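Data block for work.pdb (PDB, C-alpha atoms):
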```pdb
ATOM      1  CA  MET A   1     -78.466 -39.951  99.394
ATOM      2  CA  SER A   2     -81.127 -37.277  99.599
ATOM      3  CA  GLU A   3     -83.560 -36.770  96.755
ATOM      4  CA  PHE A   4     -84.145 -33.169  97.750
ATOM      5  CA  ALA A   5     -82.319 -30.341  96.051
ATOM      6  CA  PRO A   6     -80.577 -27.944  98.429
ATOM      7  CA  LEU A   7     -82.708 -24.974  99.395
ATOM      8  CA  ARG A   8     -81.773 -21.770  97.637
ATOM      9  CA  GLU A   9     -82.485 -18.409  99.135
ATOM     10  CA  PRO A  10     -84.562 -16.044  97.006
ATOM     11  CA  PRO A  11     -82.762 -13.010  95.565
ATOM     12  CA  LEU A  12     -82.126 -10.238  98.105
ATOM     13  CA  LEU A  13     -84.835  -7.867  96.904
ATOM     14  CA  THR A  14     -87.639 -10.319  96.150
ATOM     15  CA  GLY A  15     -90.930  -8.608  96.971
ATOM     16  CA  ARG A  16     -89.313  -5.163  97.211
ATOM     17  CA  ARG A  17     -90.231  -2.253  94.912
ATOM     18  CA  VAL A  18     -87.499   0.161  93.866
ATOM     19  CA  LEU A  19     -88.097   3.500  92.157
ATOM     20  CA  ILE A  20     -85.646   4.549  89.451
ATOM     21  CA  VAL A  21     -85.574   8.178  88.329
ATOM     22  CA  GLU A  22     -83.122   8.639  85.453
ATOM     23  CA  ASP A  23     -83.487  10.603  82.224
ATOM     24  CA  GLU A  24     -80.842   8.690  80.266
ATOM     25  CA  TYR A  25     -82.523   5.589  78.830
ATOM     26  CA  PHE A  26     -79.498   3.283  78.727
ATOM     27  CA  LEU A  27     -78.440   4.134  82.276
ATOM     28  CA  ALA A  28     -81.983   3.561  83.520
ATOM     29  CA  ASP A  29     -82.079   0.226  81.703
ATOM     30  CA  ASP A  30     -78.744  -0.848  83.233
ATOM     31  CA  MET A  31     -80.004   0.080  86.705
ATOM     32  CA  ARG A  32     -83.257  -1.777  86.108
ATOM     33  CA  SER A  33     -81.371  -4.894  85.019
ATOM     34  CA  ALA A  34     -79.033  -4.794  88.037
ATOM     35  CA  LEU A  35     -81.920  -4.377  90.485
ATOM     36  CA  ARG A  36     -84.078  -7.023  88.788
ATOM     37  CA  ALA A  37     -81.164  -9.450  89.045
ATOM     38  CA  LEU A  38     -81.545  -9.027  92.815
ATOM     39  CA  GLY A  39     -85.276  -9.760  92.548
ATOM     40  CA  ALA A  40     -86.622  -6.190  92.815
ATOM     41  CA  ASP A  41     -89.831  -5.008  91.222
ATOM     42  CA  ILE A  42     -89.136  -1.726  89.444
ATOM     43  CA  ALA A  43     -91.254   1.418  89.669
ATOM     44  CA  GLY A  44     -90.497   3.479  86.595
ATOM     45  CA  PRO A  45     -87.995   4.260  85.431
ATOM     46  CA  ALA A  46     -89.286   7.801  85.511
ATOM     47  CA  GLY A  47     -87.646  10.216  83.106
ATOM     48  CA  ASP A  48     -88.783  13.417  84.787
ATOM     49  CA  ILE A  49     -89.754  14.717  88.213
ATOM     50  CA  ASP A  50     -93.498  14.912  87.497
ATOM     51  CA  ASP A  51     -93.568  11.222  86.511
ATOM     52  CA  ALA A  52     -91.621  10.315  89.640
ATOM     53  CA  LEU A  53     -94.054  12.233  91.854
ATOM     54  CA  ARG A  54     -97.004  10.518  90.138
ATOM     55  CA  ILE A  55     -95.444   7.131  90.913
ATOM     56  CA  LEU A  56     -95.087   8.165  94.562
ATOM     57  CA  GLN A  57     -98.764   9.107  94.669
ATOM     58  CA  ASP A  58    -100.024   5.881  93.037
ATOM     59  CA  GLY A  59    -100.475   4.220  96.416
ATOM     60  CA  GLY A  60     -97.851   1.532  95.859
ATOM     61  CA  VAL A  61     -95.150   0.916  98.416
ATOM     62  CA  ILE A  62     -91.651   2.062  97.525
ATOM     63  CA  ASP A  63     -88.911   0.225  99.431
ATOM     64  CA  GLY A  64     -85.910   2.068  97.979
ATOM     65  CA  ALA A  65     -84.954   4.492  95.224
ATOM     66  CA  VAL A  66     -82.168   5.408  92.823
ATOM     67  CA  LEU A  67     -82.384   9.094  91.930
ATOM     68  CA  ASP A  68     -80.377  10.965  89.322
ATOM     69  CA  VAL A  69     -79.586  14.325  90.933
ATOM     70  CA  ASN A  70     -80.251  16.373  87.784
ATOM     71  CA  ILE A  71     -83.315  15.354  85.775
ATOM     72  CA  ARG A  72     -83.870  17.408  82.624
ATOM     73  CA  LYS A  73     -82.144  20.414  84.203
ATOM     74  CA  GLN A  74     -84.185  20.131  87.421
ATOM     75  CA  MET A  75     -82.831  18.989  90.755
ATOM     76  CA  ILE A  76     -84.444  15.799  92.112
ATOM     77  CA  TYR A  77     -84.830  17.220  95.620
ATOM     78  CA  PRO A  78     -88.687  17.277  95.797
ATOM     79  CA  VAL A  79     -88.734  13.517  95.130
ATOM     80  CA  ALA A  80     -85.859  12.894  97.554
ATOM     81  CA  ARG A  81     -87.598  14.875 100.308
ATOM     82  CA  GLU A  82     -90.840  12.924  99.858
ATOM     83  CA  LEU A  83     -89.004   9.599 100.008
ATOM     84  CA  GLN A  84     -87.017  10.634 103.091
ATOM     85  CA  ALA A  85     -90.235  11.758 104.796
ATOM     86  CA  ARG A  86     -91.536   8.227 104.224
ATOM     87  CA  GLY A  87     -88.331   6.682 105.590
ATOM     88  CA  VAL A  88     -87.400   5.166 102.226
ATOM     89  CA  PRO A  89     -83.674   4.499 101.636
ATOM     90  CA  ILE A  90     -82.320   6.406  98.621
ATOM     91  CA  VAL A  91     -79.108   6.692  96.672
ATOM     92  CA  PHE A  92     -78.213   9.464  94.274
ATOM     93  CA  THR A  93     -76.458   9.119  90.929
ATOM     94  CA  SER A  94     -74.791  12.021  89.209
ATOM     95  CA  GLY A  95     -72.103  13.202  86.877
ATOM     96  CA  TYR A  96     -71.450  15.951  89.420
ATOM     97  CA  ASP A  97     -69.398  15.974  92.597
ATOM     98  CA  LYS A  98     -71.041  15.414  96.004
ATOM     99  CA  ILE A  99     -70.859  19.160  96.692
ATOM    100  CA  VAL A 100     -74.051  19.653  94.615
ATOM    101  CA  LEU A 101     -75.991  17.841  97.355
ATOM    102  CA  GLY A 102     -75.294  20.465  99.996
ATOM    103  CA  THR A 103     -75.872  19.704 103.661
ATOM    104  CA  GLU A 104     -79.494  18.575 103.350
ATOM    105  CA  PHE A 105     -78.540  15.346 101.604
ATOM    106  CA  ALA A 106     -74.947  14.985 102.811
ATOM    107  CA  ASP A 107     -75.700  11.550 104.326
ATOM    108  CA  VAL A 108     -77.215  10.110 101.120
ATOM    109  CA  PRO A 109     -74.795   7.912  99.164
ATOM    110  CA  LEU A 110     -73.791   9.381  95.801
ATOM    111  CA  TRP A 111     -72.707   7.145  92.930
ATOM    112  CA  GLU A 112     -70.742   9.266  90.468
ATOM    113  CA  LYS A 113     -71.237   8.372  86.804
ATOM    114  CA  PRO A 114     -69.963   6.156  85.361
ATOM    115  CA  PHE A 115     -70.431   3.580  88.130
ATOM    116  CA  ASP A 116     -70.803  -0.173  88.606
ATOM    117  CA  HIS A 117     -74.567  -0.764  88.477
ATOM    118  CA  ARG A 118     -74.315  -4.118  90.235
ATOM    119  CA  ALA A 119     -72.337  -2.593  93.113
ATOM    120  CA  MET A 120     -74.878   0.235  93.406
ATOM    121  CA  ALA A 121     -77.750  -2.281  93.441
ATOM    122  CA  GLN A 122     -76.012  -4.323  96.146
ATOM    123  CA  GLY A 123     -75.442  -1.168  98.205
ATOM    124  CA  LEU A 124     -79.083  -0.131  97.935
ATOM    125  CA  ALA A 125     -80.162  -3.684  98.793
ATOM    126  CA  GLY A 126     -78.102  -3.481 101.980
ATOM    127  CA  MET A 127     -79.764  -0.194 102.892
ATOM    128  CA  ILE A 128     -83.238  -1.635 102.258
ATOM    129  CA  LEU A 129     -82.637  -4.876 104.147
ATOM    130  CA  HIS A 130     -80.670  -3.521 107.075
ATOM    131  CA  GLY A 131     -82.031  -0.011 107.373
ATOM    132  CA  ASP A 132     -80.030   3.089 108.079
ATOM    133  CA  PRO A 133     -77.618   2.249 110.916
ATOM    134  CA  MET A 134     -77.766   5.870 112.095
ATOM    135  CA  LYS A 135     -81.525   5.494 112.700
ATOM    136  CA  GLN A 136     -80.890   2.412 114.843
ATOM    137  CA  ILE A 137     -78.718   4.285 117.330
ATOM    138  CA  ASP A 138     -80.670   5.112 120.463
ATOM    139  CA  PRO A 139     -79.770   8.704 121.453
ATOM    140  CA  GLN A 140     -81.046   7.980 124.985
ATOM    141  CA  ALA A 141     -78.559   5.130 125.518
TER     142      ALA A 141
END
```
Now, as a test, write the supplied structure out as structure tokens.
Amino acid sequence: MSEFAPLREPPLLTGRRVLIVEDEYFLADDMRSALRALGADIAGPAGDIDDALRILQDGGVIDGAVLDVNIRKQMIYPVARELQARGVPIVFTSGYDKIVLGTEFADVPLWEKPFDHRAMAQGLAGMILHGDPMKQIDPQA
């Protein structure tokens, strides 16, 4: 009989920092809880675009992000563009249909409110850990 306890793997997002941009407090809190349950460190939540941009400029690494499409009547696109330029996986949340994203962000997953926060967190974790499969395709092959 072994005296050692079985090894347990750390939560999926241990050591990863995820930005949350959401202007509805309770939704942001639910997202934070779901991502923390997976071991993520949370940047924010930011309740407006200026706060989100300040977090991006603070020098800390961002490994993934959950972005509400419409923050205080402003579209989140400046934050999304900055994160995409850095190669950071993002997901959008919205009460609107995917059509509001247009073609620029057509490939970004959209979670329509209300949604399962744990499922969203798991989906983002998969994107962070496994990268974007489209970026792994070698166009020269």
Q: Mind checking which residues fall within 9 Å of region 32-35 of chain A, counting all atoms listed in the file, ignoring those fewer than 4 positions away in the same chain, and posting them as an MDAnalysis selection string?
A: chainID A and resid 13 18 20 27:28 39:42 44:45 117:122 125
(Q) I'd like to know which of A:Gly64, A:Gly59, A:Gly102, A:Gly47 is closest to Arg16 (chain A), using only C-alpha atoms. (A)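 Comparing A:Gly64, A:Gly59, A:Gly102, A:Gly47 against Arg16 (chain A), the winner is A:Gly64.
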**Q.** Interatomic distance, CA of Leu53 (chain A) to CA of Gly95 (chain A) (Å, one decimal)
**A.**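 Distance reported for this atom pair: 22.5 Å.
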Q) Taking all atoms listed in the file into account, which of A:Ala37, A:Ala85, A:Lys73, A:Thr93 comes nearest Leu56 (chain A)? A)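 Going through A:Ala37, A:Ala85, A:Lys73, A:Thr93 one by one, the smallest distance to Leu56 (chain A) is for A:Ala85.
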**Q.** Between CA of Pro89 (chain A) and CA of Val61 (chain A), distance in Å (one decimal)
**A.**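 These atoms are spaced 12.4 Å apart.
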Q) Could you state the separation of CA of Lys98 (chain A) and CA of Gln57 (chain A) in Å, given to one decimal place? A)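 Those two atoms sit 28.5 Å apart.
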Q: For region 103-114 of chain A, please output as an MDAnalysis selection string all residues within 12 Å (counting all atoms listed in the file; exclusion window: fewer than 4 positions along the same chain).
A: chainID A and resid 22 24 26:27 30:31 65:69 76:78 80:81 83:84 88:99 118:121 123:124 127 132:135
Let me see the file: selected residues, C-alpha atoms, as a short mmCIF file (atom, residue, chain, number, x, y, z; two decimals), keeping the file's coordinate frame.
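Contents of again.cif, as written:
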```cif
data_model
loop_
_atom_site.label_atom_id
_atom_site.label_comp_id
_atom_site.auth_asym_id
_atom_site.auth_seq_id
_atom_site.Cartn_x
_atom_site.Cartn_y
_atom_site.Cartn_z
CA GLU A 22 -83.12 8.64 85.45
CA GLU A 24 -80.84 8.69 80.27
CA PHE A 26 -79.50 3.28 78.73
CA LEU A 27 -78.44 4.13 82.28
CA ASP A 30 -78.74 -0.85 83.23
CA MET A 31 -80.00 0.08 86.70
CA ALA A 65 -84.95 4.49 95.22
CA VAL A 66 -82.17 5.41 92.82
CA LEU A 67 -82.38 9.09 91.93
CA ASP A 68 -80.38 10.96 89.32
CA VAL A 69 -79.59 14.32 90.93
CA ILE A 76 -84.44 15.80 92.11
CA TYR A 77 -84.83 17.22 95.62
CA PRO A 78 -88.69 17.28 95.80
CA ALA A 80 -85.86 12.89 97.55
CA ARG A 81 -87.60 14.88 100.31
CA LEU A 83 -89.00 9.60 100.01
CA GLN A 84 -87.02 10.63 103.09
CA VAL A 88 -87.40 5.17 102.23
CA PRO A 89 -83.67 4.50 101.64
CA ILE A 90 -82.32 6.41 98.62
CA VAL A 91 -79.11 6.69 96.67
CA PHE A 92 -78.21 9.46 94.27
CA THR A 93 -76.46 9.12 90.93
CA SER A 94 -74.79 12.02 89.21
CA GLY A 95 -72.10 13.20 86.88
CA TYR A 96 -71.45 15.95 89.42
CA ASP A 97 -69.40 15.97 92.60
CA LYS A 98 -71.04 15.41 96.00
CA ILE A 99 -70.86 19.16 96.69
CA ARG A 118 -74.32 -4.12 90.24
CA ALA A 119 -72.34 -2.59 93.11
CA MET A 120 -74.88 0.24 93.41
CA ALA A 121 -77.75 -2.28 93.44
CA GLY A 123 -75.44 -1.17 98.20
CA LEU A 124 -79.08 -0.13 97.94
CA MET A 127 -79.76 -0.19 102.89
CA ASP A 132 -80.03 3.09 108.08
CA PRO A 133 -77.62 2.25 110.92
CA MET A 134 -77.77 5.87 112.10
CA LYS A 135 -81.53 5.49 112.70
#
```
